[in-house]
file my_file_18.txt (compact mmCIF, C-alpha atoms and all ligand atoms)
# COMPACT_ATOMS: atom_id res chain seq x y z
CA MET H 984 10.54 3.29 -25.51
CA LEU H 985 7.88 3.45 -22.84
CA SER H 986 9.88 5.79 -20.63
CA ARG H 987 10.10 8.35 -23.44
CA LEU H 988 6.35 8.77 -23.55
CA SER H 989 4.91 11.71 -21.66
CA PRO H 990 3.31 10.56 -18.40
CA ARG H 991 0.00 11.91 -19.76
CA LEU H 992 0.13 9.40 -22.62
CA LEU H 993 1.30 6.58 -20.45
CA SER H 994 -1.34 3.98 -19.91
CA SER H 995 -0.08 0.64 -18.77
CA SER H 996 -3.29 -1.10 -19.73
CA PRO H 997 -2.74 -4.80 -20.42
CA ARG H 998 -4.57 -4.20 -23.68
CA LEU H 999 -1.70 -2.00 -24.82
CA LEU H 1000 1.28 -3.88 -23.48
CA SER H 1001 2.55 -7.36 -24.12
CA SER H 1002 2.80 -9.56 -21.04
CA SER H 1003 6.60 -9.44 -21.09
CA ILE H 1004 6.60 -5.73 -20.28
CA ARG H 1005 3.43 -5.64 -18.24
CA THR H 1006 3.84 -2.98 -15.58
CA LEU H 1007 1.32 -4.28 -13.03
CA VAL H 1008 -0.49 -0.94 -12.77
CA ASN H 1009 -2.76 1.10 -15.04
CA VAL H 1010 -2.56 4.89 -15.19
CA THR H 1011 -5.45 7.05 -16.35
CA TYR H 1012 -6.38 10.74 -16.16
CA PRO H 1013 -10.03 11.48 -15.28
CA SER H 1014 -9.37 15.25 -15.36
CA PRO H 1015 -6.46 17.54 -16.28
CA SER H 1016 -5.12 17.74 -12.71
CA VAL H 1017 -5.89 14.23 -11.47
CA ALA H 1018 -4.14 10.92 -12.16
CA VAL H 1019 -5.38 7.48 -11.18
CA LEU H 1020 -2.96 4.66 -10.45
CA GLU H 1021 -4.78 1.34 -10.45
CA LEU H 1022 -3.04 -1.68 -8.91
CA ASP H 1023 -3.35 -4.59 -11.32
CA ARG H 1024 -1.51 -7.68 -10.18
CA PRO H 1025 -3.96 -10.58 -10.04
CA PRO H 1026 -5.11 -12.38 -8.05
CA VAL H 1027 -4.75 -10.13 -4.97
CA ASN H 1028 -2.44 -7.18 -5.82
CA SER H 1029 0.21 -8.45 -3.45
CA LEU H 1030 3.38 -6.38 -3.32
CA SER H 1031 6.26 -8.31 -4.85
CA LEU H 1032 9.62 -6.64 -5.56
CA GLU H 1033 8.50 -5.95 -9.15
CA MET H 1034 5.09 -4.62 -8.08
CA ALA H 1035 6.53 -2.27 -5.44
CA THR H 1036 9.17 -1.01 -7.89
CA SER H 1037 6.58 -0.42 -10.60
CA ILE H 1038 4.25 1.55 -8.30
CA THR H 1039 7.14 3.72 -7.10
CA SER H 1040 8.38 4.50 -10.59
CA HIS H 1041 4.86 5.32 -11.82
CA ILE H 1042 4.30 7.70 -8.89
CA LYS H 1043 7.58 9.44 -9.79
CA GLN H 1044 6.55 9.71 -13.45
CA ILE H 1045 3.16 11.17 -12.53
CA GLU H 1046 4.81 13.57 -10.08
CA SER H 1047 7.07 14.91 -12.81
CA ASP H 1048 4.08 16.33 -14.72
CA PRO H 1049 3.51 19.77 -13.12
CA GLN H 1050 -0.12 19.85 -14.25
CA ILE H 1051 -1.01 16.86 -12.10
CA ARG H 1052 -1.91 17.83 -8.53
CA SER H 1053 -3.74 14.80 -7.14
CA LEU H 1054 -3.26 11.07 -7.35
CA ILE H 1055 -5.87 8.40 -6.67
CA LEU H 1056 -4.60 4.99 -5.68
CA THR H 1057 -7.05 2.20 -6.39
CA SER H 1058 -7.37 -1.41 -7.54
CA SER H 1059 -8.52 -3.20 -10.68
CA ASN H 1060 -9.99 -5.88 -8.38
CA PRO H 1061 -13.27 -4.64 -6.87
CA LYS H 1062 -12.96 -7.06 -3.92
CA ILE H 1063 -9.31 -6.54 -3.00
CA PHE H 1064 -7.39 -3.28 -2.72
CA SER H 1065 -4.14 -5.08 -1.92
CA ALA H 1066 -3.38 -8.23 0.12
CA GLY H 1067 -0.20 -6.55 1.34
CA LEU H 1068 3.32 -7.82 0.92
CA ASP H 1069 3.70 -10.83 -1.32
CA ILE H 1070 4.22 -13.45 1.35
CA THR H 1071 6.05 -15.73 -1.08
CA GLU H 1072 8.84 -13.09 -1.17
CA MET H 1073 9.41 -13.87 2.52
CA SER H 1074 9.23 -17.66 2.27
CA ARG H 1075 12.70 -19.29 2.11
CA PRO H 1076 14.18 -16.35 0.16
CA SER H 1077 17.83 -15.66 -0.63
CA LYS H 1078 19.23 -12.92 1.61
CA THR H 1079 20.03 -10.75 -1.42
CA ARG H 1080 16.53 -10.92 -2.89
CA LEU H 1081 15.02 -10.33 0.57
CA SER H 1082 17.11 -7.18 1.14
CA THR H 1083 16.27 -5.83 -2.31
CA PHE H 1084 12.60 -6.61 -1.73
CA TRP H 1085 12.57 -4.73 1.58
CA ARG H 1086 14.37 -1.74 0.07
CA SER H 1087 11.65 -1.60 -2.61
CA ILE H 1088 8.97 -1.50 0.13
CA GLN H 1089 10.82 1.24 2.08
CA SER H 1090 11.19 3.23 -1.13
CA LEU H 1091 7.52 2.81 -2.08
CA PHE H 1092 6.48 4.06 1.37
CA LEU H 1093 8.86 7.04 1.31
CA THR H 1094 7.79 8.02 -2.22
CA LEU H 1095 4.05 7.77 -1.61
CA TYR H 1096 4.12 9.29 1.89
CA SER H 1097 6.18 12.32 0.91
CA THR H 1098 5.00 13.03 -2.64
CA ARG H 1099 4.05 16.62 -3.50
CA LEU H 1100 0.81 15.15 -4.94
CA SER H 1101 -2.33 15.03 -2.83
CA THR H 1102 -3.08 11.36 -2.56
CA ILE H 1103 -6.48 9.72 -2.20
CA SER H 1104 -6.78 6.05 -1.43
CA CYS H 1105 -9.90 4.59 -3.05
CA ILE H 1106 -10.45 1.38 -1.11
CA THR H 1107 -13.05 -0.78 -2.78
CA GLY H 1108 -11.84 -4.08 -1.29
CA HIS H 1109 -9.81 -5.79 1.46
CA SER H 1110 -6.77 -3.86 2.61
CA PRO H 1111 -4.73 -5.90 5.12
CA ALA H 1112 -1.15 -5.21 6.28
CA GLY H 1113 0.86 -3.76 3.35
CA GLY H 1114 -2.50 -2.81 1.76
CA CYS H 1115 -3.26 -0.78 4.86
CA LEU H 1116 0.26 0.71 4.66
CA LEU H 1117 -0.48 1.97 1.13
CA SER H 1118 -3.80 3.43 2.26
CA MET H 1119 -2.36 5.08 5.37
CA SER H 1120 0.43 6.64 3.30
CA CYS H 1121 -2.18 8.62 1.37
CA ASP H 1122 -3.62 11.97 2.47
CA TYR H 1123 -7.27 10.89 2.38
CA ARG H 1124 -8.99 7.51 2.43
CA VAL H 1125 -12.42 6.63 1.07
CA MET H 1126 -13.72 3.08 1.47
CA SER H 1127 -16.79 1.11 0.34
CA ARG H 1128 -19.29 0.57 3.14
CA ASN H 1129 -19.30 -3.26 2.60
CA PRO H 1130 -19.14 -4.74 6.16
CA LYS H 1131 -17.35 -7.85 4.86
CA LEU H 1132 -14.22 -5.85 4.04
CA GLY H 1133 -11.25 -5.61 6.38
CA ILE H 1134 -8.49 -3.03 6.78
CA GLY H 1135 -5.72 -3.06 9.37
CA LEU H 1136 -2.35 -4.50 10.35
CA ASN H 1137 -2.59 -8.27 10.88
CA GLU H 1138 1.16 -9.02 10.93
CA THR H 1139 1.07 -10.74 14.34
CA ARG H 1140 -1.28 -13.34 12.84
CA LEU H 1141 1.58 -14.39 10.56
CA GLY H 1142 4.02 -14.53 13.46
CA ILE H 1143 5.76 -11.34 12.34
CA ALA H 1144 5.78 -7.75 13.59
CA ALA H 1145 5.27 -4.48 11.78
CA PRO H 1146 8.51 -2.50 11.35
CA PHE H 1147 8.92 0.61 13.55
CA TRP H 1148 7.96 3.05 10.79
CA LEU H 1149 4.71 1.22 9.98
CA LYS H 1150 3.89 1.13 13.71
CA ASP H 1151 4.65 4.87 13.90
CA LEU H 1152 2.44 5.54 10.87
CA PHE H 1153 -0.39 3.59 12.51
CA VAL H 1154 0.07 5.49 15.80
CA LYS H 1155 -0.02 8.80 13.90
CA THR H 1156 -3.21 7.71 12.14
CA VAL H 1157 -5.30 6.17 14.94
CA GLY H 1158 -3.55 7.16 18.20
CA TYR H 1159 -1.32 5.19 20.56
CA ARG H 1160 -3.76 2.95 22.47
CA GLU H 1161 -5.81 1.92 19.45
CA ALA H 1162 -2.59 1.22 17.53
CA GLU H 1163 -1.22 -0.95 20.34
CA LEU H 1164 -4.49 -2.90 20.56
CA GLY H 1165 -4.84 -3.25 16.79
CA LEU H 1166 -1.23 -4.28 16.25
CA SER H 1167 -1.01 -6.84 19.03
CA ARG H 1168 -4.33 -8.43 18.11
CA GLY H 1169 -3.62 -8.27 14.38
CA LYS H 1170 -7.05 -6.71 13.98
CA LEU H 1171 -8.73 -6.12 10.65
CA TYR H 1172 -11.35 -3.40 11.03
CA SER H 1173 -14.66 -3.25 9.18
CA PRO H 1174 -15.22 0.02 7.26
CA GLU H 1175 -17.55 1.31 10.03
CA GLU H 1176 -14.94 0.52 12.70
CA ALA H 1177 -12.16 2.02 10.58
CA LEU H 1178 -14.16 5.23 10.20
CA LYS H 1179 -14.72 5.42 13.95
CA ILE H 1180 -10.99 5.27 14.77
CA GLY H 1181 -9.87 7.53 11.87
CA LEU H 1182 -8.24 4.75 9.84
CA VAL H 1183 -10.44 5.85 6.93
CA ASP H 1184 -11.94 9.30 6.43
CA GLU H 1185 -15.16 8.47 4.60
CA ILE H 1186 -17.23 5.42 3.76
CA VAL H 1187 -19.40 5.35 0.69
CA ASP H 1188 -22.57 3.41 -0.16
CA GLY H 1189 -22.44 3.90 -3.90
CA GLU H 1190 -19.61 4.40 -6.35
CA VAL H 1191 -16.52 4.94 -4.19
CA TYR H 1192 -14.43 5.84 -7.26
CA ASP H 1193 -16.64 8.86 -8.07
CA VAL H 1194 -16.23 10.17 -4.52
CA ALA H 1195 -12.45 9.67 -4.76
CA VAL H 1196 -12.34 11.74 -7.97
CA GLU H 1197 -14.43 14.46 -6.31
CA ARG H 1198 -12.06 14.59 -3.33
CA ALA H 1199 -9.00 14.57 -5.62
CA GLU H 1200 -10.41 17.55 -7.49
CA GLU H 1201 -11.10 19.40 -4.23
CA TYR H 1202 -7.49 18.86 -3.15
CA ALA H 1203 -6.28 20.03 -6.57
CA GLU H 1204 -7.92 23.42 -5.97
CA ILE H 1205 -5.90 24.10 -2.81
CA PRO H 1206 -2.71 26.09 -3.52
CA GLU H 1207 0.16 23.63 -3.91
CA LYS H 1208 2.67 25.59 -1.86
CA GLY H 1209 0.48 25.45 1.24
CA ILE H 1210 -0.27 21.76 0.87
CA VAL H 1211 3.34 20.76 0.29
CA ALA H 1212 4.61 22.79 3.27
CA THR H 1213 1.89 21.28 5.48
CA LYS H 1214 2.70 17.75 4.36
CA ARG H 1215 6.37 18.34 5.06
CA MET H 1216 5.50 19.60 8.54
CA CYS H 1217 3.21 16.67 9.37
CA ARG H 1218 5.23 13.90 7.73
CA GLY H 1219 8.86 15.06 7.73
CA GLU H 1220 9.76 13.56 11.08
CA LEU H 1221 8.76 10.01 10.16
CA VAL H 1222 10.40 10.30 6.74
CA ARG H 1223 13.67 11.46 8.34
CA ASP H 1224 13.46 8.71 10.99
CA LEU H 1225 13.29 5.99 8.36
CA GLU H 1226 15.79 7.65 6.01
CA GLY H 1227 18.27 7.72 8.91
CA LYS H 1228 17.77 4.02 9.63
CA ILE H 1229 17.45 2.42 6.18
CA GLU H 1230 20.31 -0.03 6.65
CA GLU H 1231 19.40 -0.84 10.25
CA ASP H 1232 15.82 -1.53 9.16
CA VAL H 1233 16.97 -3.80 6.30
CA GLY H 1234 19.12 -5.67 8.83
CA TRP H 1235 16.21 -6.12 11.28
CA PHE H 1236 13.88 -7.25 8.55
CA THR H 1237 16.23 -9.79 6.95
CA ASP H 1238 17.38 -11.20 10.31
CA PHE H 1239 13.81 -11.49 11.57
CA ILE H 1240 12.42 -13.08 8.41
CA LEU H 1241 15.30 -15.52 7.96
CA GLU H 1242 14.94 -16.92 11.50
CA GLU H 1243 13.75 -20.53 11.37
CA GLY H 1244 10.80 -19.82 13.70
CA THR H 1245 9.59 -17.00 11.44
CA GLN H 1246 9.99 -19.22 8.36
CA LYS H 1247 7.84 -21.93 9.95
CA GLY H 1248 5.14 -19.36 10.79
CA ILE H 1249 5.15 -17.99 7.23
CA GLU H 1250 4.99 -21.51 5.76
CA GLY H 1251 2.01 -22.38 7.95
CA TYR H 1252 0.24 -19.14 7.03
CA LEU H 1253 0.77 -19.72 3.30
CA LYS H 1254 -0.63 -23.25 3.65
CA SER H 1255 -3.70 -21.95 5.47
CA LEU H 1256 -4.27 -19.41 2.69
CA SER H 1257 -4.06 -21.92 -0.13
CA LYS H 1258 -6.27 -24.47 1.76
CA LYS H 1259 -9.19 -22.04 1.97
C1 LIG I 1 14.10 -5.79 17.27
C2 LIG I 1 12.83 -5.49 16.57
C3 LIG I 1 12.50 -6.52 15.55
C4 LIG I 1 11.41 -6.00 14.70
C5 LIG I 1 11.44 -6.73 13.43
C6 LIG I 1 10.85 -5.88 12.39
C7 LIG I 1 11.17 -6.45 11.06
C8 LIG I 1 10.15 -7.46 10.65
C9 LIG I 1 9.24 -6.82 9.73
C10 LIG I 1 8.33 -7.80 9.11
C11 LIG I 1 7.30 -6.92 8.46
C12 LIG I 1 6.58 -7.61 7.45
C13 LIG I 1 5.39 -6.82 7.09
C14 LIG I 1 4.41 -7.45 6.50
C15 LIG I 1 3.24 -6.77 6.02
C16 LIG I 1 2.41 -7.63 5.09
O1 LIG I 1 1.81 -7.08 4.23
S1 LIG I 1 2.38 -9.31 5.26
C17 LIG I 1 1.06 -9.84 4.22
C18 LIG I 1 -0.20 -9.87 4.99
N1 LIG I 1 -1.32 -10.15 4.14
C19 LIG I 1 -2.28 -10.99 4.48
O2 LIG I 1 -2.26 -11.60 5.54
C20 LIG I 1 -3.40 -11.20 3.48
C21 LIG I 1 -3.58 -12.62 3.17
N2 LIG I 1 -4.61 -12.81 2.18
C22 LIG I 1 -5.92 -12.83 2.49
O3 LIG I 1 -6.34 -12.64 3.62
C23 LIG I 1 -6.87 -13.11 1.37
O4 LIG I 1 -6.14 -13.64 0.30
C24 LIG I 1 -7.66 -11.89 0.86
C25 LIG I 1 -8.71 -11.47 1.92
C26 LIG I 1 -6.76 -10.71 0.55
C27 LIG I 1 -8.42 -12.29 -0.42
O5 LIG I 1 -9.20 -13.43 -0.19
P1 LIG I 1 -9.76 -14.28 -1.44
O6 LIG I 1 -10.38 -13.39 -2.44
O7 LIG I 1 -10.59 -15.36 -0.84
O8 LIG I 1 -8.45 -14.86 -2.13
P2 LIG I 1 -7.56 -16.10 -1.66
O9 LIG I 1 -8.17 -17.35 -2.20
O10 LIG I 1 -7.33 -16.03 -0.20
O11 LIG I 1 -6.18 -15.78 -2.37
C28 LIG I 1 -5.99 -16.00 -3.76
C29 LIG I 1 -4.57 -16.45 -3.98
O12 LIG I 1 -3.69 -15.39 -3.59
C30 LIG I 1 -2.76 -15.88 -2.61
N3 LIG I 1 -2.44 -14.79 -1.66
C31 LIG I 1 -3.30 -14.13 -0.90
N4 LIG I 1 -2.65 -13.16 -0.20
C32 LIG I 1 -1.36 -13.23 -0.55
C33 LIG I 1 -0.20 -12.47 -0.17
N5 LIG I 1 -0.24 -11.46 0.72
N6 LIG I 1 0.97 -12.83 -0.72
C34 LIG I 1 1.05 -13.86 -1.61
N7 LIG I 1 -0.02 -14.60 -2.01
C35 LIG I 1 -1.21 -14.28 -1.48
C36 LIG I 1 -3.48 -17.03 -1.94
O13 LIG I 1 -2.57 -17.88 -1.33
C37 LIG I 1 -4.21 -17.65 -3.11
O14 LIG I 1 -3.24 -18.40 -3.83
P3 LIG I 1 -3.65 -19.80 -4.51
O15 LIG I 1 -4.73 -19.43 -5.49
O16 LIG I 1 -4.14 -20.70 -3.41
O17 LIG I 1 -2.38 -20.25 -5.14
call {"tool": "encode", "arguments": {"input": "my_file_18.txt", "output": "C-alpha cells"}}
result
Amino acid sequence: MLSRLSPRLLSSSPRLLSSSIRTLVNVTYPSPSVAVLELDRPPVNSLSLEMATSITSHIKQIESDPQIRSLILTSSNPKIFSAGLDITEMSRPSKTRLSTFWRSIQSLFLTLYSTRLSTISCITGHSPAGGCLLSMSCDYRVMSRNPKLGIGLNETRLGIAAPFWLKDLFVKTVGYREAELGLSRGKLYSPEEALKIGLVDEIVDGEVYDVAVERAEEYAEIPEKGIVATKRMCRGELVRDLEGKIEEDVGWFTDFILEEGTQKGIEGYLKSLSKK
C-alpha cells in the first residue's frame, strides 16, 4: 500500500504508521525541489540491516521524483546524527545475516554517494564511524558548532579497521596524511577541527537545519546535467572500485568480523558502552 503512494505524499512519520511497519526514517518536503530524510531509529540511529535498507529504498523513491533536486540527510535526535553501524549486528552473528548486513551497507553507500540528487548532510549531533560515512557520502556537510560533538572514523578503537572504500572516501575528503593519522588513531574531530581539515564544509551557530535548506535550494538552482556529470567524474572511480569488488569485500568483512579476536574486541566495546 505504502509503495503505491507518490514519494511526495510519503511521510514515514511514526504518527502515521503503526510500529509494525515503522520505516525508521521520516521524509518531508520543505520546498518543491528539496526533500529531507530524517534518520529516526532511537536511541542513536545506529545502522542495522533494516535501517540501512530503509534509508536506501527511501533515497531511491525520492530520486524517482524528477521534481526533487536536492536531498537533506538529518536526524530526529538533536544530539546524535548516527552512531554508525549497529554494533550488535557484528556481535556473534550468523554468517548469513552478517553478509546480508554488509551488502546493505555497501548498497546504502553506493546509492547515496552516486545519486543524481545533490545531497546535504545536516549534522546536528555526534557522527562517528558509519555516521561519518553517511556524512562524507553527501555533497555538502553543515554541522552545529557545539564543541562537544565528534565526527570521524573511530573503528580502530573497536579493534576493527575501515574497509578499503571507506578509507578511500576519507582520503578523498581530507587528504592522505590526515586520513592515515585519523584512521590509525580512531580520531573523532570537533566541528572546528573537522572544518579545518575539510571533513565538514560549514559550521553553524544557530539553526543548522535552516542553513542546510538554504544550501539545498542553492544546489537545486544549478543545472542538473552539469552537476550529475561532475559527480560522475569525481565519484565514478570509487564507485567502480567497490562495484568490482563487492564479493571480495563481503568476504573480507565476514572473515574479519567472525575472527575470535575481533569478537572479543566487539564484546568489550559493547560492554564499555552500556556501562557508561
Ligand atoms: C585484509 C584487509 C582486512 C580489512 C578488513 C576490512 C573489513 C572489516 C571492516 C569492518 C568495518 C566495520 C565498520 C564499522 C563502522 C562503524 O560504524 S562501527 C560503530 C562505531 N560507532 C561507535 O563507536 C559509536 C558508539 N556510540 C557512542 O559513542 C555513543 O553511544 C554516542 C556518542 C553515539 C551517544 O552517546 P550517548 O547519548 O551517551 O548514548 P549511549 O548511552 O552511549 O548509548 C545509548 C544506547 O545505544 C547503544 N549504542 C550506542 N552506539 C551504538 C552502536 N553503534 N550500535 C549499537 N548500539 C549502540 C548503547 O550501547 C546504549 O545502549 P543501552 O542503553 O546501554 O542498552
call {"tool": "atom_distance", "arguments": {"input": "my_file_18.txt", "atom1": "atom CA of Lys1078 of chain H", "atom2": "atom C11 of ligand LIG 1 (chain I)"}}
result
15.0 Å
call {"tool": "residues_around", "arguments": {"input": "my_file_18.txt", "residues": "Thr1083 of chain H", "least_positions_apart": "3", "cutoff": "12 Å", "atoms": "all atoms listed in the file", "output": "PyMOL selection string"}}
result
chain H and resi 1031-1033+1035-1036+1072-1073+1076-1080+1086-1090+1229-1230+1233-1234+1236-1237
call {"tool": "write_last_selection", "arguments": {"input": "my_file_18.txt", "atoms": "C-alpha atoms", "output": "PDB file, keeping the file's coordinate frame"}}
result
ATOM      1  CA  SER H1031       6.260  -8.310  -4.850  1.00  0.00           C
ATOM      2  CA  LEU H1032       9.620  -6.640  -5.560  1.00  0.00           C
ATOM      3  CA  GLU H1033       8.500  -5.950  -9.150  1.00  0.00           C
ATOM      4  CA  ALA H1035       6.530  -2.270  -5.440  1.00  0.00           C
ATOM      5  CA  THR H1036       9.170  -1.010  -7.890  1.00  0.00           C
ATOM      6  CA  GLU H1072       8.840 -13.090  -1.170  1.00  0.00           C
ATOM      7  CA  MET H1073       9.410 -13.870   2.520  1.00  0.00           C
ATOM      8  CA  PRO H1076      14.180 -16.350   0.160  1.00  0.00           C
ATOM      9  CA  SER H1077      17.830 -15.660  -0.630  1.00  0.00           C
ATOM     10  CA  LYS H1078      19.230 -12.920   1.610  1.00  0.00           C
ATOM     11  CA  THR H1079      20.030 -10.750  -1.420  1.00  0.00           C
ATOM     12  CA  ARG H1080      16.530 -10.920  -2.890  1.00  0.00           C
ATOM     13  CA  ARG H1086      14.370  -1.740   0.070  1.00  0.00           C
ATOM     14  CA  SER H1087      11.650  -1.600  -2.610  1.00  0.00           C
ATOM     15  CA  ILE H1088       8.970  -1.500   0.130  1.00  0.00           C
ATOM     16  CA  GLN H1089      10.820   1.240   2.080  1.00  0.00           C
ATOM     17  CA  SER H1090      11.190   3.230  -1.130  1.00  0.00           C
ATOM     18  CA  ILE H1229      17.450   2.420   6.180  1.00  0.00           C
ATOM     19  CA  GLU H1230      20.310  -0.030   6.650  1.00  0.00           C
ATOM     20  CA  VAL H1233      16.970  -3.800   6.300  1.00  0.00           C
ATOM     21  CA  GLY H1234      19.120  -5.670   8.830  1.00  0.00           C
ATOM     22  CA  PHE H1236      13.880  -7.250   8.550  1.00  0.00           C
ATOM     23  CA  THR H1237      16.230  -9.790   6.950  1.00  0.00           C
TER      24      THR H1237
END
call {"tool": "closest_residue", "arguments": {"input": "my_file_18.txt", "among": "H:Ala1199, H:Val1187, H:Leu1020, H:Cys1121", "to": "Arg1218 of chain H", "atoms": "only C-alpha atoms"}}
result
H:Cys1121
call {"tool": "closest_residue", "arguments": {"input": "my_file_18.txt", "among": "H:Ser1059, H:Thr1006, H:Ile1051, H:Glu1242", "to": "Asp1023 of chain H", "atoms": "all atoms listed in the file"}}
result
H:Ser1059
call {"tool": "closest_residue", "arguments": {"input": "my_file_18.txt", "among": "H:Met1126, H:Ile1103, H:Ile1063, H:Leu1030", "to": "Glu1201 of chain H", "atoms": "only C-alpha atoms"}}
result
H:Ile1103
call {"tool": "residues_near_ligand", "arguments": {"input": "my_file_18.txt", "ligand": "ligand LIG 1 (chain I)", "cutoff": "9 Å", "atoms": "all atoms listed in the file", "output": "PyMOL selection string"}}
result
chain H and resi 1025-1031+1062-1073+1085+1108-1116+1132-1133+1136-1138+1140-1141+1143-1147+1149+1232-1240+1252-1259
call {"tool": "atom_distance", "arguments": {"input": "my_file_18.txt", "atom1": "atom CA of Phe1092 of chain H", "atom2": "atom CA of Val1017 of chain H"}}
result
20.5 Å
call {"tool": "residues_near_point", "arguments": {"input": "my_file_18.txt", "point": "(-20.2, 4.3, 1.8)", "cutoff": "9 Å", "atoms": "only C-alpha atoms", "output": "ChimeraX atom specification"}}
result
/H:1125-1129,1174,1185-1191
call {"tool": "atom_distance", "arguments": {"input": "my_file_18.txt", "atom1": "atom CA of Cys1105 of chain H", "atom2": "atom CA of Arg1168 of chain H"}}
result
25.5 Å
call {"tool": "axis_aligned_box", "arguments": {"input": "my_file_18.txt", "around": "segment 1142-1147 of chain H", "padding_each_side": "5 Å", "output": "AutoDock Vina command-line options"}}
result
--center_x 6.5 --center_y -7.0 --center_z 12.5 --size_x 14.9 --size_y 25.1 --size_z 12.2
call {"tool": "closest_residue", "arguments": {"input": "my_file_18.txt", "among": "H:Ser1118, H:Thr1156, H:Ser1058, H:Ser1047", "to": "Asn1009 of chain H", "atoms": "all atoms listed in the file"}}
result
H:Ser1058
call {"tool": "residues_around", "arguments": {"input": "my_file_18.txt", "residues": "Leu1007 of chain H", "least_positions_apart": "6", "cutoff": "8 Å", "atoms": "all atoms listed in the file", "output": "number ranges by chain"}}
result
H: 995, 1022-1024, 1034, 1037
